Each structure stands twice: as C-alpha cells, then as structure tokens.
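Structure below is structure-v7.cif: mmCIF, C-alpha atoms.
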data_upload
#
loop_
_atom_site.label_atom_id
_atom_site.label_comp_id
_atom_site.auth_asym_id
_atom_site.auth_seq_id
_atom_site.Cartn_x
_atom_site.Cartn_y
_atom_site.Cartn_z
CA VAL A 1 190.31 22.73 9.62
CA ILE A 2 187.88 25.57 10.40
CA ASN A 3 189.84 28.65 11.43
CA SER A 4 187.19 30.15 13.69
CA GLY A 5 187.23 31.87 17.06
CA PRO A 6 185.08 32.47 20.13
CA ASN A 7 182.89 35.11 18.44
CA ASP A 8 182.19 33.17 15.23
CA ARG A 9 179.01 31.44 14.17
CA VAL A 10 179.95 28.36 12.14
CA PHE A 11 177.79 26.62 9.53
CA VAL A 12 178.76 23.16 8.28
CA PHE A 13 176.95 21.27 5.52
CA TYR A 14 178.10 17.73 4.82
CA SER A 15 176.75 15.24 2.28
CA ASP A 16 177.89 11.66 1.69
CA HIS A 17 176.77 8.09 2.27
CA GLY A 18 175.82 7.05 5.77
CA ALA A 19 174.91 4.11 7.98
CA PRO A 20 173.99 3.86 11.68
CA GLY A 21 176.57 5.87 13.61
CA VAL A 22 178.86 6.49 10.65
CA LEU A 23 179.39 8.86 7.70
CA GLY A 24 181.33 8.17 4.53
CA MET A 25 184.29 10.41 3.75
CA PRO A 26 185.94 11.33 0.42
CA SER A 27 189.21 9.75 1.63
CA ASP A 28 187.53 6.31 1.93
CA GLU A 29 187.85 6.57 5.70
CA PHE A 30 184.74 6.68 7.90
CA LEU A 31 183.67 9.30 10.42
CA TYR A 32 181.99 7.77 13.46
CA ALA A 33 179.48 9.54 15.68
CA ASP A 34 181.75 9.50 18.73
CA GLN A 35 184.59 11.01 16.68
CA LEU A 36 182.33 13.81 15.46
CA HIS A 37 181.21 14.62 18.99
CA LYS A 38 184.75 14.54 20.31
CA ALA A 39 185.80 17.03 17.62
CA ILE A 40 182.84 19.34 18.34
CA LYS A 41 183.49 19.33 22.09
CA HIS A 42 187.21 19.92 21.57
CA LYS A 43 186.50 22.88 19.29
CA ARG A 44 184.01 24.32 21.78
CA GLN A 45 186.25 23.85 24.82
CA ASN A 46 189.06 25.63 22.98
CA ASN A 47 186.86 28.65 22.10
CA GLY A 48 186.66 27.58 18.47
CA PHE A 49 183.18 28.99 17.92
CA LYS A 50 180.34 30.89 19.54
CA GLU A 51 177.62 28.73 17.99
CA MET A 52 177.63 26.02 15.34
CA VAL A 53 174.94 24.70 13.00
CA LEU A 54 175.51 21.39 11.18
CA TYR A 55 173.31 20.14 8.32
CA ILE A 56 174.03 16.51 7.43
CA GLU A 57 172.71 14.74 4.34
CA ALA A 58 173.17 10.97 4.56
CA CYS A 59 171.20 7.80 5.10
CA GLU A 60 170.59 7.13 8.81
CA SER A 61 172.17 10.55 9.54
CA GLY A 62 170.04 11.05 12.66
CA SER A 63 172.20 8.41 14.32
CA MET A 64 175.13 10.86 14.30
CA PHE A 65 173.39 13.01 16.94
CA ASP A 66 170.58 11.01 18.53
CA GLY A 67 171.23 10.73 22.27
CA LEU A 68 174.71 12.18 21.86
CA LEU A 69 174.54 15.91 21.17
CA GLU A 70 174.31 17.79 24.45
CA ARG A 71 172.04 20.81 24.63
CA TYR A 72 174.64 23.00 26.33
CA VAL A 73 177.42 23.04 23.75
CA SER A 74 175.85 25.76 21.54
CA VAL A 75 175.42 23.37 18.63
CA LEU A 76 172.33 22.68 16.52
CA GLY A 77 172.39 19.56 14.35
CA VAL A 78 169.88 18.99 11.52
CA THR A 79 169.82 15.72 9.60
CA ALA A 80 168.17 14.50 6.42
CA SER A 81 166.76 11.40 8.07
CA ASN A 82 166.29 9.71 11.41
CA GLN A 83 168.61 6.97 12.64
CA TYR A 84 166.74 4.16 10.87
CA GLU A 85 165.93 5.29 7.33
CA SER A 86 167.46 6.23 4.00
CA SER A 87 167.66 9.77 2.72
CA TRP A 88 166.35 10.49 -0.78
CA GLY A 89 167.57 11.77 -4.12
CA THR A 90 165.70 14.24 -6.34
CA TYR A 91 165.80 15.80 -9.83
CA CYS A 92 165.94 12.25 -11.14
CA PRO A 93 165.38 10.83 -14.65
CA ARG A 94 161.76 10.81 -15.88
CA TRP A 95 160.62 13.06 -13.02
CA PRO A 96 159.64 16.66 -13.70
CA PRO A 97 161.29 19.10 -13.84
CA GLN A 98 163.73 17.42 -16.23
CA PRO A 99 167.24 18.88 -16.19
CA SER A 100 168.62 19.07 -19.71
CA PRO A 101 172.25 18.21 -20.53
CA SER A 102 172.20 20.58 -23.51
CA PRO A 103 170.16 23.53 -24.80
CA GLY A 104 166.68 22.58 -25.87
CA PRO A 105 164.12 20.12 -24.53
CA ALA A 106 165.34 17.55 -22.05
CA PRO A 107 165.52 13.95 -23.34
CA ASP A 108 163.32 11.27 -21.78
CA MET A 109 166.14 10.00 -19.56
CA GLY A 110 167.54 13.39 -18.58
CA MET A 111 171.13 12.88 -17.51
CA GLY A 112 170.51 9.34 -16.34
CA THR A 113 171.17 10.18 -12.69
CA CYS A 114 169.64 12.05 -9.78
CA LEU A 115 171.21 15.50 -9.57
CA GLY A 116 170.62 16.21 -5.91
CA ASP A 117 169.55 14.94 -2.52
CA LEU A 118 166.06 15.92 -1.42
CA PHE A 119 167.04 17.39 1.95
CA SER A 120 170.00 19.25 0.44
CA VAL A 121 168.00 20.65 -2.45
CA ALA A 122 165.17 21.60 -0.08
CA TRP A 123 167.30 23.75 2.25
CA MET A 124 169.44 25.22 -0.54
CA GLU A 125 166.45 26.24 -2.66
CA ASN A 126 164.78 27.66 0.44
CA ALA A 127 167.93 29.65 1.22
CA ASP A 128 168.15 30.83 -2.38
CA THR A 129 164.58 32.12 -2.53
CA SER A 130 163.91 33.37 1.01
CA ASP A 131 164.81 36.48 2.95
CA LEU A 132 167.40 34.97 5.26
CA THR A 133 167.61 38.18 7.25
CA ALA A 134 164.03 37.51 8.40
CA GLU A 135 163.58 33.72 8.18
CA THR A 136 164.58 31.84 11.32
CA LEU A 137 166.32 28.50 11.43
CA HIS A 138 163.11 27.10 12.91
CA THR A 139 161.05 28.30 9.94
CA GLN A 140 163.59 26.84 7.53
CA PHE A 141 163.53 23.56 9.45
CA GLN A 142 159.74 23.36 9.19
CA LEU A 143 159.72 24.11 5.46
CA VAL A 144 162.53 21.67 4.73
CA ARG A 145 160.95 18.99 6.92
CA ASP A 146 157.64 19.38 5.05
CA ARG A 147 159.23 19.09 1.62
CA THR A 148 161.62 16.27 2.53
CA SER A 149 158.79 14.24 4.11
CA ASP A 150 156.79 14.38 0.84
CA ASN A 151 154.18 16.45 2.68
CA TYR A 152 154.26 14.15 5.71
CA THR A 153 153.33 11.07 3.68
CA TYR A 154 156.92 9.70 3.73
CA HIS A 155 155.96 7.90 0.52
CA MET A 156 159.14 9.21 -1.10
CA GLY A 157 160.77 11.12 1.74
CA SER A 158 162.40 10.96 5.14
CA HIS A 159 162.07 12.38 8.65
CA VAL A 160 164.22 15.51 8.95
CA MET A 161 165.46 15.68 12.54
CA HIS A 162 167.00 18.33 14.80
CA PHE A 163 169.19 17.92 17.85
CA GLY A 164 171.14 19.95 20.38
CA GLN A 165 170.45 23.51 21.51
CA MET A 166 166.95 24.10 20.16
CA SER A 167 166.87 27.74 21.31
CA MET A 168 169.27 28.48 18.45
CA GLU A 169 166.39 27.88 16.03
CA ASN A 170 165.06 31.32 16.98
CA GLU A 171 168.07 32.89 15.30
CA LYS A 172 168.02 34.13 11.72
CA ALA A 173 169.13 31.66 9.07
CA GLY A 174 171.20 34.42 7.49
CA ASP A 175 173.45 34.51 10.55
CA TYR A 176 174.78 31.15 9.37
CA GLU A 177 173.95 30.81 5.67
CA GLY A 178 174.66 34.39 4.61
CA ALA A 179 172.51 37.49 4.83
CA GLY A 180 172.87 38.60 1.20
CA ASN A 181 169.57 37.15 -0.04
CA ASP A 182 166.43 39.28 0.28
CA GLY A 183 164.08 36.63 -1.10
CA SER A 184 163.39 38.42 -4.38
CA ARG A 185 164.32 35.43 -6.54
CA GLY A 186 161.81 32.70 -7.35
CA GLY A 187 162.62 29.02 -7.67
CA PRO A 188 161.26 25.53 -8.35
CA THR A 189 159.48 23.37 -5.83
CA LEU A 190 159.71 19.59 -5.98
CA HIS A 191 158.27 17.25 -3.36
CA SER A 192 159.36 13.85 -4.59
CA GLY A 193 162.48 11.76 -4.37
CA THR A 194 164.08 8.35 -4.66
CA THR A 195 166.10 6.62 -1.99
CA ALA A 196 169.82 7.38 -2.03
CA THR A 197 170.33 3.62 -1.94
CA ASP A 198 168.25 3.21 -5.10
CA ALA A 199 169.82 6.21 -6.79
CA ASP A 200 173.34 4.81 -6.56
CA ALA A 201 172.40 1.19 -7.21
CA ASP A 202 173.72 1.33 -10.77
#
What does the file become when written as structure tokens?
Amino acid sequence: VINSGPNDRVFVFYSDHGAPGVLGMPSDEFLYADQLHKAIKHKRQNNGFKEMVLYIEACESGSMFDGLLERYVSVLGVTASNQYESSWGTYCPRWPPQPSPSPGPAPDMGMGTCLGDLFSVAWMENADTSDLTAETLHTQFQLVRDRTSDNYTYHMGSHVMHFGQMSMENEKAGDYEGAGNDGSRGGPTLHSGTTATDADAD
C-alpha cells in the first residue's frame, strides 16, 4: 500500500513476467490490466496522489495501458515493450561488459545468467548518470527508447511505449526519481539484449 496524499508525486517501477493484459506477481497471483486501472482510478478519486508515473518492465507490457489509461487521471505509464512483443535481458553471458562473480577477470560464462532487463538497466543507468534536476521525463523516455530499441533496429530490443497524460513528460525526472543526482558520475552504455523469454528458458 502506498501511503500517499493529494500533494504527492508517486513513482512506481515494477518488473516481472508478462503476457497480453497481465503481469506476474511474486505471490504467484496475476495482476490484470483492468485490475491495475481500477486501483489507479480508486487511488486518484480518493486523493491518493497528485501525479503518478509507472515504469513497467515485462513482456507485452504495453498491453497493460494501451487503450485503457485515460489522459485525465494525472498518470503517465511507460512500458518496456508494446502489447505484442517480448522485453529483453542484458548484461548476459559472453556479452561485454562481463560482470565478474569474484575479483579478477570475468570467466567466459560470467555468472551464467542475464543480470538485468534492458529497459530497466537503461532507465536506471540514465538516472544514475544524469542531472535529474534538469533532465525531463521526455528526455529520459527518448534516451531509454533509443537504447532499448537497439538504436531503432529492434534486432535485439523492443518498442518502449508511453501512455496517459503526456504533458507530464515536461516535468523533471528528479521530481519522481529523486533530485539528489547532479550527473557527475559516469557509467557504462550497452545497446544489446536477449529476449526475456530466452533468458529464462533454462
């Protein structure tokens, strides 16, 4: 339960498996698109937030908002993929940069698993290395969309989508993700991935 009020800006990031109109949940239950929208509208109607931004990492995650999220509820939804495609993993075995499980050079197989999802890593690394007091949500969306799309080739990437009240994208990312980062830290850039379906096939 988010204990927020009518003057609060709320940021929600959620990552799990997905399918058309549904998200996986840690409790083995499923969250359906209509349930998510009912909860958002209930929270809004009861003055539970001023504005809300939701980032969702899951296969077919665009289906959670497509045609459903009204533009007047002060909510911006951003998803790792459209309603038809998989999302992608990254920092995977045999792909540079190789994460190492112990000090010293990384072994050929790394840890034997992908360590992140491409959309998730893209927005988090952007947030970690950018001045969030200056960068807008729209700028972050464009940068994350570029990286997650594999530079618009979609060879190893997906279509990052946005829904809802688009005017919110003019607001500063730091209003939602924290304004403590001035962009002075550098970080890695990786533009490749593997499908989440492939990554968990073992």
Given the point (166.6, 15.8, 7.9) in the file's coordinates, find the residues that have an atom at most 10 Å from it, counting only C-alpha atoms, and give them as a ChimeraX atom specification.
/A:55-62,77-82,87,118-120,122-123,141,144-145,148-149,157-162
Output C-alpha atoms of each residue in that selection to a file, as a tab-separated table (two decimals), in the frame of the given file.
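Listed below is the output, part_1.tsv:
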chain	number	residue	atom	x	y	z
A	55	TYR	CA	173.31	20.14	8.32
A	56	ILE	CA	174.03	16.51	7.43
A	57	GLU	CA	172.71	14.74	4.34
A	58	ALA	CA	173.17	10.97	4.56
A	59	CYS	CA	171.20	7.80	5.10
A	60	GLU	CA	170.59	7.13	8.81
A	61	SER	CA	172.17	10.55	9.54
A	62	GLY	CA	170.04	11.05	12.66
A	77	GLY	CA	172.39	19.56	14.35
A	78	VAL	CA	169.88	18.99	11.52
A	79	THR	CA	169.82	15.72	9.60
A	80	ALA	CA	168.17	14.50	6.42
A	81	SER	CA	166.76	11.40	8.07
A	82	ASN	CA	166.29	9.71	11.41
A	87	SER	CA	167.66	9.77	2.72
A	118	LEU	CA	166.06	15.92	-1.42
A	119	PHE	CA	167.04	17.39	1.95
A	120	SER	CA	170.00	19.25	0.44
A	122	ALA	CA	165.17	21.60	-0.08
A	123	TRP	CA	167.30	23.75	2.25
A	141	PHE	CA	163.53	23.56	9.45
A	144	VAL	CA	162.53	21.67	4.73
A	145	ARG	CA	160.95	18.99	6.92
A	148	THR	CA	161.62	16.27	2.53
A	149	SER	CA	158.79	14.24	4.11
A	157	GLY	CA	160.77	11.12	1.74
A	158	SER	CA	162.40	10.96	5.14
A	159	HIS	CA	162.07	12.38	8.65
A	160	VAL	CA	164.22	15.51	8.95
A	161	MET	CA	165.46	15.68	12.54
A	162	HIS	CA	167.00	18.33	14.80
To one decimal place, how far is atom CA of A:Gly18 from atom CA of A:Trp88 in Å?
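Separation between atom CA of A:Gly18 and atom CA of A:Trp88: 12.0 Å.
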On this structure, the PyMOL selection byres ((chain A and resi 177) around 8) would catch which residues? List them as a PDB file with C-alpha atoms, in the coordinates of the input, sorted by chain and number.
ATOM      1  CA  PHE A  11     177.790  26.620   9.530  1.00  0.00           C
ATOM      2  CA  ALA A 127     167.930  29.650   1.220  1.00  0.00           C
ATOM      3  CA  LEU A 132     167.400  34.970   5.260  1.00  0.00           C
ATOM      4  CA  ALA A 173     169.130  31.660   9.070  1.00  0.00           C
ATOM      5  CA  GLY A 174     171.200  34.420   7.490  1.00  0.00           C
ATOM      6  CA  ASP A 175     173.450  34.510  10.550  1.00  0.00           C
ATOM      7  CA  TYR A 176     174.780  31.150   9.370  1.00  0.00           C
ATOM      8  CA  GLY A 178     174.660  34.390   4.610  1.00  0.00           C
ATOM      9  CA  ALA A 179     172.510  37.490   4.830  1.00  0.00           C
TER      10      ALA A 179
END
Local residues around (167.2, 23.4, 14.6), at most 9 Å away, using all atoms listed in the file, as a list in words
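Those residues, ordered by chain and then number, are Val53, Leu76, Gly77, Val78, Leu137, His138, Gln140, Phe141, Met161, His162, Phe163, Gly164, Gln165, Met166, Ser167, Met168, Glu169 and Asn170 of chain A.
Atom CA of A:Ala19 is positioned 21.9 Å from atom CA of A:Thr113.
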Residue nearest A:His37 - candidates A:Leu69, A:Met124, A:Leu54, A:Cys92, atoms counted: only C-alpha atoms
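Looking at the shortest contact to A:His37, the residue is A:Leu69.
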Return the single residue from A:Gly24, A:Phe13, A:Gly5, A:Asp182 that is closest to A:Lys43, with distances computed using all atoms listed in the file.
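Once distances to A:Lys43 are computed over all atoms listed in the file, the minimum belongs to A:Gly5.
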Using all atoms listed in the file, pick whichever of A:Pro26, A:Lys172, A:Asp66, A:His155 has the shortest atom-to-atom distance to A:Glu135.
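When distances to A:Glu135 are compared using all atoms listed in the file, the smallest one comes from A:Lys172.
Residue nearest A:Ser86, chosen from A:Val73, A:Ile2, A:Leu143, A:Met156 and counting only C-alpha atoms: A:Met156.
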Please, what distance in Å, to one decimal, runs between atom CA of A:Tyr91 and atom CA of A:Tyr152?
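Rounded to one decimal, the two atoms are 19.4 Å apart.
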Between A:Val75, A:Met25, A:Leu68, A:Leu36, single out the one closest to A:Val10, counting only C-alpha atoms.
A:Val75
As a check of understanding, name the residues that the PyMOL selection byres ((chain A and resi 32) around 7) selects in the supplied structure, as an NGL selection string.
:A and (21-23 or 30-31 or 33-36)
